[in-house]
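As stored in my_file-v4.txt (compact mmCIF, C-alpha atoms and all ligand atoms):
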```
# COMPACT_ATOMS: atom_id res chain seq x y z
CA MET R 1 -85.12 13.49 93.97
CA SER R 2 -86.33 12.22 90.60
CA ASP R 3 -90.02 11.95 89.67
CA ALA R 4 -91.90 8.69 90.14
CA PRO R 5 -90.82 6.37 87.31
CA ASP R 6 -93.44 5.89 84.63
CA VAL R 7 -93.39 2.10 84.44
CA GLY R 8 -96.15 0.41 82.46
CA GLU R 9 -98.22 -2.63 83.31
CA LEU R 10 -96.29 -5.92 83.32
CA ARG R 11 -96.71 -7.63 79.96
CA PRO R 12 -94.07 -10.29 79.42
CA PRO R 13 -93.97 -11.91 75.98
CA ASP R 14 -95.92 -15.14 75.56
CA ARG R 15 -93.00 -17.55 75.11
CA THR R 16 -92.96 -21.29 74.64
CA LEU R 17 -90.20 -22.49 76.96
CA MET R 18 -88.15 -25.32 75.48
CA GLY R 19 -84.79 -24.36 76.95
CA PRO R 20 -82.92 -25.81 79.93
CA GLY R 21 -85.51 -24.36 82.34
CA PRO R 22 -87.74 -22.81 83.36
CA SER R 23 -90.30 -24.86 81.45
CA ASP R 24 -93.85 -23.77 80.65
CA VAL R 25 -95.83 -23.50 83.87
CA HIS R 26 -99.07 -25.46 84.05
CA PRO R 27 -102.12 -23.14 84.23
CA ARG R 28 -103.27 -24.87 87.41
CA VAL R 29 -99.99 -23.90 89.07
CA LEU R 30 -100.43 -20.28 87.99
CA ARG R 31 -103.96 -20.34 89.40
CA ALA R 32 -102.71 -21.73 92.72
CA MET R 33 -100.26 -18.83 92.86
CA SER R 34 -103.03 -16.27 92.64
CA THR R 35 -104.92 -17.62 95.67
CA PRO R 36 -104.89 -15.56 98.89
CA LEU R 37 -101.96 -15.63 101.23
CA VAL R 38 -102.23 -17.18 104.69
CA GLY R 39 -99.62 -16.83 107.40
CA HIS R 40 -96.68 -19.24 107.36
CA LEU R 41 -97.74 -20.53 110.82
CA ASP R 42 -101.48 -20.60 110.09
CA PRO R 43 -102.97 -24.03 110.91
CA SER R 44 -104.21 -24.25 107.33
CA PHE R 45 -100.68 -23.68 106.06
CA ILE R 46 -99.32 -26.37 108.38
CA GLU R 47 -101.69 -28.77 106.65
CA ILE R 48 -100.46 -27.56 103.25
CA MET R 49 -96.86 -28.18 104.38
CA ASN R 50 -97.76 -31.77 105.31
CA GLU R 51 -99.35 -32.28 101.91
CA VAL R 52 -96.34 -30.86 100.09
CA GLN R 53 -94.01 -33.17 102.00
CA GLU R 54 -96.18 -36.19 101.27
CA LEU R 55 -96.40 -35.37 97.56
CA MET R 56 -92.66 -34.70 97.40
CA ARG R 57 -91.88 -38.09 98.96
CA TYR R 58 -94.06 -39.72 96.31
CA THR R 59 -92.24 -37.88 93.53
CA PHE R 60 -88.75 -38.67 94.87
CA ARG R 61 -89.86 -42.30 95.49
CA THR R 62 -88.77 -42.12 99.11
CA ASP R 63 -90.09 -42.60 102.60
CA ASN R 64 -87.55 -40.12 103.98
CA GLN R 65 -89.08 -38.15 106.82
CA TRP R 66 -86.69 -35.33 105.97
CA THR R 67 -88.21 -34.20 102.68
CA ILE R 68 -88.82 -30.47 102.30
CA PRO R 69 -89.01 -27.58 99.86
CA VAL R 70 -86.03 -25.30 100.50
CA SER R 71 -86.79 -21.58 100.09
CA GLY R 72 -84.86 -20.49 97.02
CA THR R 73 -83.84 -21.86 93.65
CA GLY R 74 -82.23 -25.22 92.88
CA SER R 75 -78.88 -23.83 94.01
CA ALA R 76 -80.40 -23.30 97.47
CA SER R 77 -81.44 -26.95 97.84
CA MET R 78 -78.03 -27.88 96.40
CA GLU R 79 -76.21 -25.74 98.95
CA ALA R 80 -78.47 -26.98 101.74
CA ALA R 81 -77.38 -30.54 100.89
CA ILE R 82 -73.68 -29.88 100.36
CA GLY R 83 -73.23 -27.14 102.96
CA ASN R 84 -74.74 -29.33 105.68
CA LEU R 85 -73.20 -32.68 104.69
CA VAL R 86 -69.67 -31.39 104.13
CA GLU R 87 -67.90 -30.39 107.33
CA PRO R 88 -64.58 -28.54 107.48
CA GLY R 89 -61.88 -31.13 106.80
CA ASP R 90 -64.24 -33.54 105.00
CA THR R 91 -63.44 -34.71 101.50
CA MET R 92 -66.06 -34.55 98.77
CA LEU R 93 -65.69 -36.40 95.48
CA VAL R 94 -67.34 -34.59 92.55
CA PRO R 95 -67.57 -35.28 88.82
CA THR R 96 -65.83 -33.19 86.13
CA ASN R 97 -68.10 -34.19 83.23
CA GLY R 98 -70.34 -31.12 83.28
CA TYR R 99 -71.03 -27.65 84.56
CA PHE R 100 -72.94 -28.61 87.69
CA GLY R 101 -70.26 -30.92 89.07
CA GLY R 102 -68.12 -27.77 89.08
CA ARG R 103 -70.76 -25.96 91.13
CA MET R 104 -70.78 -28.86 93.60
CA ALA R 105 -67.01 -28.41 93.96
CA SER R 106 -67.34 -24.66 94.67
CA MET R 107 -69.99 -25.28 97.31
CA ALA R 108 -67.98 -28.06 98.99
CA GLU R 109 -64.91 -25.79 99.12
CA ARG R 110 -66.91 -22.95 100.65
CA ALA R 111 -68.16 -25.42 103.26
CA GLY R 112 -64.53 -26.00 104.24
CA GLY R 113 -64.22 -29.34 102.47
CA GLU R 114 -61.41 -30.70 100.38
CA VAL R 115 -62.52 -31.45 96.82
CA VAL R 116 -61.33 -34.44 94.82
CA THR R 117 -62.60 -35.37 91.38
CA VAL R 118 -63.71 -38.32 89.31
CA ASP R 119 -63.23 -37.64 85.63
CA ALA R 120 -65.18 -38.25 82.46
CA PRO R 121 -65.35 -36.10 79.33
CA TRP R 122 -68.18 -33.56 78.97
CA GLY R 123 -70.94 -35.40 77.10
CA GLU R 124 -70.30 -38.76 78.80
CA PRO R 125 -71.47 -40.21 82.10
CA LEU R 126 -69.27 -41.45 84.94
CA GLU R 127 -68.05 -45.03 84.58
CA PRO R 128 -68.56 -47.17 87.71
CA ALA R 129 -64.92 -48.37 87.41
CA ALA R 130 -63.68 -44.76 87.49
CA VAL R 131 -65.85 -44.04 90.53
CA GLU R 132 -64.55 -47.18 92.26
CA GLU R 133 -60.97 -46.14 91.60
CA ALA R 134 -61.48 -42.53 92.71
CA ILE R 135 -63.31 -43.59 95.87
CA SER R 136 -60.66 -46.18 96.78
CA ASP R 137 -57.90 -43.63 96.20
CA THR R 138 -59.44 -40.68 98.00
CA GLN R 139 -61.78 -42.24 100.61
CA PRO R 140 -64.26 -39.31 100.43
CA ASP R 141 -66.79 -38.59 103.16
CA VAL R 142 -69.30 -37.44 100.55
CA PHE R 143 -69.71 -38.47 96.91
CA GLY R 144 -71.77 -36.20 94.65
CA PHE R 145 -72.97 -36.95 91.15
CA VAL R 146 -75.35 -35.31 88.69
CA HIS R 147 -78.20 -37.58 87.67
CA ALA R 148 -79.30 -35.40 84.74
CA GLU R 149 -76.53 -33.03 83.58
CA THR R 150 -78.30 -30.02 82.08
CA SER R 151 -75.12 -28.71 80.46
CA THR R 152 -74.46 -31.84 78.39
CA GLY R 153 -77.83 -33.60 78.08
CA VAL R 154 -76.37 -36.75 79.62
CA LEU R 155 -78.27 -39.10 81.89
CA GLN R 156 -76.11 -40.86 84.47
CA PRO R 157 -76.90 -44.58 84.29
CA ASP R 158 -75.87 -47.25 86.83
CA VAL R 159 -76.94 -45.21 89.85
CA PRO R 160 -77.46 -48.24 92.18
CA GLU R 161 -73.97 -49.45 91.24
CA LEU R 162 -72.46 -46.06 92.08
CA THR R 163 -74.22 -45.81 95.43
CA GLU R 164 -73.14 -49.35 96.34
CA ILE R 165 -69.51 -48.51 95.62
CA ALA R 166 -69.77 -45.34 97.72
CA HIS R 167 -71.46 -47.16 100.62
CA ASP R 168 -68.82 -49.90 100.59
CA HIS R 169 -66.41 -47.09 101.45
CA ASP R 170 -68.78 -45.39 103.93
CA ALA R 171 -69.33 -42.29 101.79
CA ILE R 172 -72.64 -40.43 101.82
CA VAL R 173 -74.15 -40.09 98.33
CA VAL R 174 -75.63 -36.78 97.15
CA ALA R 175 -77.49 -36.71 93.82
CA ASP R 176 -78.27 -33.62 91.76
CA CYS R 177 -81.73 -34.37 90.42
CA VAL R 178 -82.60 -30.84 89.31
CA THR R 179 -83.35 -31.88 85.72
CA SER R 180 -84.68 -35.36 86.49
CA LEU R 181 -87.18 -35.07 89.36
CA GLY R 182 -90.71 -35.57 88.04
CA GLY R 183 -89.62 -36.37 84.46
CA ILE R 184 -86.95 -39.05 84.46
CA GLU R 185 -86.92 -42.34 86.35
CA LEU R 186 -85.52 -41.65 89.81
CA ARG R 187 -85.91 -43.97 92.80
CA VAL R 188 -84.19 -42.41 95.78
CA ASP R 189 -84.74 -45.24 98.29
CA GLU R 190 -84.40 -48.20 95.95
CA TRP R 191 -81.22 -46.76 94.40
CA GLY R 192 -79.58 -46.03 97.76
CA ILE R 193 -79.28 -42.25 97.36
CA ASP R 194 -78.68 -40.63 100.77
CA ALA R 195 -79.52 -37.05 99.80
CA ALA R 196 -81.11 -35.68 96.64
CA TYR R 197 -81.99 -32.15 95.63
CA ALA R 198 -83.94 -30.70 92.73
CA GLY R 199 -85.48 -27.54 91.33
CA PRO R 200 -89.15 -26.88 90.64
CA GLN R 201 -88.72 -25.13 87.29
CA LYS R 202 -87.73 -28.11 85.19
CA CYS R 203 -89.80 -31.32 84.97
CA LEU R 204 -92.21 -30.10 87.66
CA SER R 205 -93.15 -27.05 85.55
CA CYS R 206 -93.40 -24.74 88.50
CA PRO R 207 -91.81 -21.30 88.89
CA PRO R 208 -88.51 -21.23 90.81
CA GLY R 209 -88.71 -20.38 94.50
CA ALA R 210 -89.16 -23.56 96.57
CA SER R 211 -86.78 -26.41 95.77
CA PRO R 212 -87.17 -30.08 96.71
CA LEU R 213 -84.65 -31.73 99.04
CA THR R 214 -84.67 -35.13 100.70
CA LEU R 215 -82.22 -36.76 103.13
CA ASN R 216 -82.35 -40.22 104.66
CA ASP R 217 -81.65 -40.95 108.34
CA ARG R 218 -78.00 -41.71 107.65
CA ALA R 219 -77.45 -38.34 105.97
CA MET R 220 -79.47 -36.51 108.61
CA GLU R 221 -77.46 -38.20 111.36
CA LYS R 222 -74.27 -36.77 109.85
CA VAL R 223 -75.90 -33.33 109.63
CA LEU R 224 -77.17 -33.40 113.21
CA SER R 225 -73.88 -34.62 114.67
CA ARG R 226 -71.71 -31.91 113.10
CA GLU R 227 -69.11 -30.43 115.44
CA GLU R 228 -69.38 -26.99 113.87
CA ALA R 229 -72.55 -25.26 112.65
CA PRO R 230 -72.84 -25.00 108.86
CA ARG R 231 -71.64 -21.69 107.42
CA SER R 232 -75.10 -20.67 106.27
CA TRP R 233 -77.65 -19.84 108.95
CA TYR R 234 -80.47 -19.67 106.41
CA LEU R 235 -79.83 -23.17 105.06
CA ASP R 236 -78.85 -24.84 108.35
CA LEU R 237 -80.94 -28.01 108.28
CA SER R 238 -80.76 -28.46 112.04
CA LEU R 239 -82.56 -25.10 112.37
CA LEU R 240 -84.95 -25.75 109.48
CA GLU R 241 -85.89 -28.92 111.37
CA GLY R 242 -87.77 -26.62 113.77
CA TYR R 243 -90.08 -25.41 111.00
CA TRP R 244 -90.43 -28.47 108.75
CA GLY R 245 -90.14 -31.04 111.60
CA GLU R 246 -92.57 -31.74 114.44
CA ASP R 247 -92.53 -28.28 116.03
CA ARG R 248 -93.55 -26.12 113.06
CA SER R 249 -91.91 -23.19 114.80
CA TYR R 250 -90.67 -20.04 113.11
CA HIS R 251 -87.31 -20.06 111.35
CA HIS R 252 -87.91 -17.79 108.36
CA THR R 253 -91.06 -16.71 106.56
CA ALA R 254 -91.78 -19.43 104.02
CA PRO R 255 -92.37 -18.26 100.42
CA ILE R 256 -96.05 -19.10 100.78
CA THR R 257 -97.03 -18.55 97.15
CA ASN R 258 -94.18 -20.77 95.98
CA VAL R 259 -95.28 -23.47 98.41
CA TYR R 260 -98.80 -23.26 96.94
CA ALA R 261 -97.23 -23.55 93.51
CA ILE R 262 -95.16 -26.61 94.24
CA ARG R 263 -98.11 -28.25 95.98
CA GLU R 264 -100.15 -27.92 92.78
CA ALA R 265 -97.24 -28.99 90.57
CA LEU R 266 -96.70 -32.10 92.71
CA ARG R 267 -100.43 -32.77 92.77
CA LEU R 268 -100.30 -32.86 88.97
CA VAL R 269 -97.49 -35.45 89.21
CA ALA R 270 -99.57 -37.61 91.55
CA GLU R 271 -102.64 -37.32 89.32
CA GLU R 272 -100.70 -38.35 86.23
CA GLY R 273 -98.77 -41.07 88.10
CA ILE R 274 -95.00 -40.81 88.43
CA GLU R 275 -94.21 -43.75 86.15
CA GLU R 276 -96.67 -42.55 83.52
CA ARG R 277 -94.97 -39.18 83.70
CA TRP R 278 -91.53 -40.72 83.14
CA ASP R 279 -93.03 -42.60 80.15
CA ARG R 280 -94.54 -39.41 78.74
CA HIS R 281 -91.22 -37.59 78.88
CA ARG R 282 -89.52 -40.48 77.05
CA ALA R 283 -92.23 -40.68 74.41
CA VAL R 284 -92.57 -36.96 73.72
CA ALA R 285 -88.84 -36.26 73.83
CA GLY R 286 -88.34 -39.39 71.72
CA ALA R 287 -90.45 -37.76 69.00
CA LEU R 288 -88.35 -34.62 69.33
CA LYS R 289 -85.13 -36.63 68.99
CA THR R 290 -86.47 -38.56 65.98
CA GLY R 291 -87.55 -35.29 64.40
CA VAL R 292 -84.20 -33.50 64.79
CA GLU R 293 -82.34 -36.60 63.57
CA ALA R 294 -84.65 -36.76 60.54
CA MET R 295 -83.53 -33.20 59.75
CA GLY R 296 -79.97 -34.49 59.56
CA LEU R 297 -78.96 -33.12 62.96
CA GLU R 298 -77.08 -35.20 65.53
CA MET R 299 -77.61 -35.59 69.24
CA ASN R 300 -74.46 -34.90 71.25
CA PRO R 301 -74.57 -37.81 73.69
CA ASP R 302 -74.70 -41.47 72.68
CA ASP R 303 -78.24 -42.88 72.61
CA GLU R 304 -77.44 -44.89 75.71
CA TYR R 305 -77.04 -41.74 77.81
CA TRP R 306 -79.72 -39.61 76.12
CA LEU R 307 -81.52 -37.42 78.62
CA PRO R 308 -85.15 -36.93 77.48
CA SER R 309 -85.66 -33.80 79.56
CA LEU R 310 -82.66 -32.01 77.99
CA ASN R 311 -81.76 -32.70 74.39
CA ALA R 312 -78.26 -31.59 73.45
CA VAL R 313 -78.24 -31.28 69.65
CA ARG R 314 -74.97 -30.65 67.79
CA VAL R 315 -74.82 -27.38 65.87
CA PRO R 316 -74.01 -28.32 62.24
CA ASP R 317 -70.85 -26.93 60.63
CA GLY R 318 -71.35 -23.50 59.11
CA VAL R 319 -74.37 -22.65 61.29
CA GLU R 320 -74.24 -19.87 63.91
CA ASP R 321 -75.78 -21.29 67.09
CA ASP R 322 -76.81 -17.84 68.37
CA ALA R 323 -78.48 -16.82 65.13
CA VAL R 324 -80.82 -19.82 65.32
CA ILE R 325 -81.59 -19.19 68.99
CA GLU R 326 -82.41 -15.56 68.19
CA HIS R 327 -84.51 -16.48 65.17
CA LEU R 328 -86.64 -18.88 67.23
CA LEU R 329 -87.16 -16.27 69.93
CA GLU R 330 -87.96 -13.41 67.60
CA GLU R 331 -90.02 -15.21 64.98
CA TYR R 332 -91.68 -17.89 67.09
CA ASP R 333 -91.51 -16.69 70.71
CA LEU R 334 -89.78 -20.02 71.31
CA GLU R 335 -86.92 -20.36 73.78
CA ILE R 336 -84.07 -22.84 73.41
CA ALA R 337 -80.50 -22.32 74.65
CA GLY R 338 -76.91 -22.69 73.53
CA GLY R 339 -74.15 -24.77 75.07
CA LEU R 340 -72.46 -24.08 78.40
CA GLY R 341 -68.80 -24.40 79.35
CA ASP R 342 -66.88 -26.94 77.25
CA LEU R 343 -69.85 -27.28 74.89
CA SER R 344 -70.37 -23.57 74.35
CA GLY R 345 -71.07 -22.95 70.64
CA ASP R 346 -71.20 -26.69 69.89
CA VAL R 347 -74.73 -27.64 70.93
CA TRP R 348 -78.25 -26.35 71.30
CA ARG R 349 -79.99 -27.37 74.48
CA ILE R 350 -83.63 -28.15 73.91
CA GLY R 351 -85.67 -28.89 76.99
CA CYS R 352 -88.65 -31.21 77.02
CA MET R 353 -89.81 -30.90 80.58
CA GLY R 354 -93.10 -31.13 82.46
CA HIS R 355 -95.85 -29.10 80.81
CA SER R 356 -93.49 -28.33 77.92
CA ALA R 357 -93.21 -32.06 77.18
CA ARG R 358 -96.28 -32.11 74.95
CA PRO R 359 -96.60 -33.31 71.32
CA LYS R 360 -97.87 -29.87 70.32
CA ASN R 361 -94.67 -28.20 71.59
CA VAL R 362 -92.51 -30.73 69.79
CA SER R 363 -94.30 -30.20 66.44
CA PHE R 364 -93.97 -26.44 66.91
CA LEU R 365 -90.27 -26.70 67.71
CA LEU R 366 -89.52 -28.98 64.75
CA VAL R 367 -91.25 -26.65 62.30
CA ALA R 368 -89.53 -23.57 63.77
CA LEU R 369 -86.10 -25.19 63.87
CA GLY R 370 -86.52 -26.54 60.33
CA ASN R 371 -87.39 -23.05 59.11
CA ALA R 372 -84.52 -21.46 60.99
CA LEU R 373 -82.10 -23.86 59.31
CA THR R 374 -83.31 -23.33 55.72
N1 LIG Z 401 -78.10 -28.38 89.04
C1 LIG Z 401 -78.50 -28.56 87.77
C2 LIG Z 401 -78.26 -29.88 87.10
C3 LIG Z 401 -79.15 -27.53 87.08
O1 LIG Z 401 -79.56 -27.70 85.84
C4 LIG Z 401 -79.36 -26.29 87.75
C5 LIG Z 401 -80.03 -25.17 87.04
O2 LIG Z 401 -80.21 -25.17 85.86
C6 LIG Z 401 -78.93 -26.15 89.08
C7 LIG Z 401 -78.29 -27.22 89.69
C8 LIG Z 401 -79.14 -24.87 89.82
O3 LIG Z 401 -80.47 -24.51 89.90
P1 LIG Z 401 -80.97 -22.97 89.93
O4 LIG Z 401 -80.51 -22.33 88.66
O5 LIG Z 401 -82.46 -23.12 90.01
O6 LIG Z 401 -80.39 -22.33 91.12
```
For this file, write the structure as structure tokens.
Amino acid sequence: MSDAPDVGELRPPDRTLMGPGPSDVHPRVLRAMSTPLVGHLDPSFIEIMNEVQELMRYTFRTDNQWTIPVSGTGSASMEAAIGNLVEPGDTMLVPTNGYFGGRMASMAERAGGEVVTVDAPWGEPLEPAAVEEAISDTQPDVFGFVHAETSTGVLQPDVPELTEIAHDHDAIVVADCVTSLGGIELRVDEWGIDAAYAGPQKCLSCPPGASPLTLNDRAMEKVLSREEAPRSWYLDLSLLEGYWGEDRSYHHTAPITNVYAIREALRLVAEEGIEERWDRHRAVAGALKTGVEAMGLEMNPDDEYWLPSLNAVRVPDGVEDDAVIEHLLEEYDLEIAGGLGDLSGDVWRIGCMGHSARPKNVSFLLVALGNALT
């Protein structure tokens, strides 16, 4: 047997997080995470669960009863939505215009579904006409789209139009709102979204661990009338109903500290006001965009589809994307990221999310990026 490892005290570097997530965590959220644990069935925790659900409904702009934090990262709330809504033999229509549409496809396949696609180039949103054509041709049971595509910095416009097309063909609509919830205008009920999932580590500025999910009655009806149980026991929403529904009975031990964290993060959203928060993201990221354009850099997406929470900036000819990323990290303790998939090497991804969406961060980033490029 080896000796006890000599591991020092935890001292992570003090980074400024302006990448695709996680974003800087608000100090109040960190404080909430250092408060004492209670049991996951303690009456005081039951009250906390109610509060989290109420705050989450406010943030999603929904009255959906079925609104919960899923234990795990954004991929867990994503798989809870897709793995429960897609039954073996169902068809799911997914987009091909970014990395996370591809992840939707993998999850739908693992759920036993048949995947069909609606196409648009990386860096562009889906066109309603293309969605109409794909839905008419394939008659999917479920239609998924990414509201804020983190890999391309593209915001999907025309959401109510897309959901109307899907509903005309009786498809359930699932929206990936991981990089929009709490930072970008999102109106689940008004826009006709049947199920939406998100992550806490982006515009909510909360550490990963408990991820928002909401389903309306129509979506929940499909889930509860499945012939076969979903393939994941852990993410089976009909079982999670026991814990997050009326009974509050044991299913798994909730990540209590993460629930505290998301409660505080959502409380910050409610204090600021959701619409004011959307405006702040636009204004602060707008300054970032103006600043990088003033340096002679170009945004990758057209202005029409610009996603304030994730700014995809084209890497100029002759510049090594990685060298700039490394320089910012080493010299400034500042995190940004490179491109993913089709855009690998072509763009930098600069996040402007939640507590990171502050004028002070933008000024810091512009100075650091300017220096890295000279
Ligand atoms: N969907 C989108 C749009 C994302 O940006 C991410 C993560 O970056 C995910 C899904 C998956 O979330 P996580 O990495 O927290 O599992």
Skip stretch 61-76 of chain R itself and residues of its chain fewer than 2 positions away, then list as a VMD selection string all residues within 9 Å of it, counting all atoms listed in the file. chain R and resid 49 52 to 54 56 to 59 78 to 81 103 178 186 to 190 197 to 201 208 to 217 220 235 241 244 to 245 254 to 255 258 to 259 262 274
Just give me the gap between atom CA of R:Ser106 and atom CA of R:Ala337 in Å, one decimal is fine.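 Separation between atom CA of R:Ser106 and atom CA of R:Ala337: 24.1 Å.
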Just give me the gap between atom CA of R:Val362 and atom CA of R:Gly183 in Å, one decimal is fine.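 Result for atom CA of R:Val362 versus atom CA of R:Gly183: 16.0 Å, one decimal.
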Separation of atom CA of R:Pro22 and atom CA of R:Ser363, in Å?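 Distance between the two atoms: 19.6 Å.
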Tell me which of R:Leu55, R:Leu343, R:Leu268, R:Leu240 sits closest to R:Gly98, counting all atoms listed in the file. R:Leu343
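Near R:His251, within 9 Å and counting all atoms listed in the file, sit R:Tyr234, R:Leu239, R:Leu240, R:Glu241, R:Gly242, R:Tyr243, R:Arg248, R:Ser249, R:Thr253, R:Ala254, not including residues fewer than 2 positions from it in the same chain.
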Restricting the output to C-alpha atoms, write the selected residues as a PDB file, in the frame of the given file.
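After the write, selection01.pdb holds the following:
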```pdb
ATOM      1  CA  TYR R 234     -80.470 -19.670 106.410  1.00  0.00           C
ATOM      2  CA  LEU R 239     -82.560 -25.100 112.370  1.00  0.00           C
ATOM      3  CA  LEU R 240     -84.950 -25.750 109.480  1.00  0.00           C
ATOM      4  CA  GLU R 241     -85.890 -28.920 111.370  1.00  0.00           C
ATOM      5  CA  GLY R 242     -87.770 -26.620 113.770  1.00  0.00           C
ATOM      6  CA  TYR R 243     -90.080 -25.410 111.000  1.00  0.00           C
ATOM      7  CA  ARG R 248     -93.550 -26.120 113.060  1.00  0.00           C
ATOM      8  CA  SER R 249     -91.910 -23.190 114.800  1.00  0.00           C
ATOM      9  CA  THR R 253     -91.060 -16.710 106.560  1.00  0.00           C
ATOM     10  CA  ALA R 254     -91.780 -19.430 104.020  1.00  0.00           C
TER      11      ALA R 254
END
```
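Proximity of R:Leu204, R:Ile256, R:Val25, R:Leu17 to R:His40, computed with all atoms listed in the file, is greatest for R:Ile256.
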Skip R:Ala129 itself and residues of its chain fewer than 6 positions away, then list as a PyMOL selection string all residues within 12 Å of it, counting all atoms listed in the file. chain R and resi 118-120+135-136+158+161-162+165-166
Requested write-out: C-alpha atoms of the selected residues, as a short mmCIF file (atom, residue, chain, number, x, y, z; two decimals), in the frame of the given file:
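The result, written out as out35.cif:
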```cif
data_model
loop_
_atom_site.label_atom_id
_atom_site.label_comp_id
_atom_site.auth_asym_id
_atom_site.auth_seq_id
_atom_site.Cartn_x
_atom_site.Cartn_y
_atom_site.Cartn_z
CA VAL R 118 -63.71 -38.32 89.31
CA ASP R 119 -63.23 -37.64 85.63
CA ALA R 120 -65.18 -38.25 82.46
CA ILE R 135 -63.31 -43.59 95.87
CA SER R 136 -60.66 -46.18 96.78
CA ASP R 158 -75.87 -47.25 86.83
CA GLU R 161 -73.97 -49.45 91.24
CA LEU R 162 -72.46 -46.06 92.08
CA ILE R 165 -69.51 -48.51 95.62
CA ALA R 166 -69.77 -45.34 97.72
#
```
Let me make sure I understand: among R:Cys177, R:Met33, R:Leu366, R:Met92, which one has the smallest atom-to-atom distance to R:Thr290 if we use all atoms listed in the file?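 When distances to R:Thr290 are compared using all atoms listed in the file, the smallest one comes from R:Leu366.
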Can you tell me, as a PyMOL selection string, what residues are no more than 9 Å from stretch 11-16 of chain R when counting all atoms listed in the file, ignoring any on the same chain fewer than 5 positions away? chain R and resi 23-24+329+332-335+356+361
Please supply stretch 225-237 of chain R, rebuilt with N, CA and C atoms, as a short mmCIF file (atom, residue, chain, number, x, y, z; two decimals), in the coordinates of the input.
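The new file rebuild29.cif reads:
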```cif
data_model
loop_
_atom_site.label_atom_id
_atom_site.label_comp_id
_atom_site.auth_asym_id
_atom_site.auth_seq_id
_atom_site.Cartn_x
_atom_site.Cartn_y
_atom_site.Cartn_z
N SER R 225 -74.99 -34.39 113.74
CA SER R 225 -73.88 -34.62 114.67
C SER R 225 -72.64 -33.80 114.29
N ARG R 226 -72.84 -32.77 113.48
CA ARG R 226 -71.71 -31.91 113.10
C ARG R 226 -71.10 -31.27 114.35
N GLU R 227 -69.76 -31.10 114.31
CA GLU R 227 -69.11 -30.43 115.44
C GLU R 227 -69.29 -28.92 115.35
N GLU R 228 -69.32 -28.44 114.09
CA GLU R 228 -69.38 -26.99 113.87
C GLU R 228 -70.67 -26.70 113.09
N ALA R 229 -71.32 -25.60 113.40
CA ALA R 229 -72.55 -25.26 112.65
C ALA R 229 -72.19 -25.01 111.19
N PRO R 230 -73.12 -25.31 110.26
CA PRO R 230 -72.84 -25.00 108.86
C PRO R 230 -72.65 -23.49 108.68
N ARG R 231 -71.97 -23.12 107.59
CA ARG R 231 -71.64 -21.69 107.42
C ARG R 231 -72.85 -20.84 107.08
N SER R 232 -73.90 -21.44 106.57
CA SER R 232 -75.10 -20.67 106.27
C SER R 232 -76.14 -20.86 107.39
N TRP R 233 -76.58 -19.75 107.96
CA TRP R 233 -77.65 -19.84 108.95
C TRP R 233 -78.96 -20.19 108.26
N TYR R 234 -79.19 -19.54 107.11
CA TYR R 234 -80.47 -19.67 106.41
C TYR R 234 -80.74 -21.11 105.99
N LEU R 235 -79.65 -21.81 105.60
CA LEU R 235 -79.83 -23.17 105.06
C LEU R 235 -79.42 -24.25 106.07
N ASP R 236 -79.25 -23.86 107.32
CA ASP R 236 -78.85 -24.84 108.35
C ASP R 236 -80.01 -25.81 108.59
N LEU R 237 -79.82 -27.05 108.19
CA LEU R 237 -80.94 -28.01 108.28
C LEU R 237 -81.32 -28.33 109.72
#
```
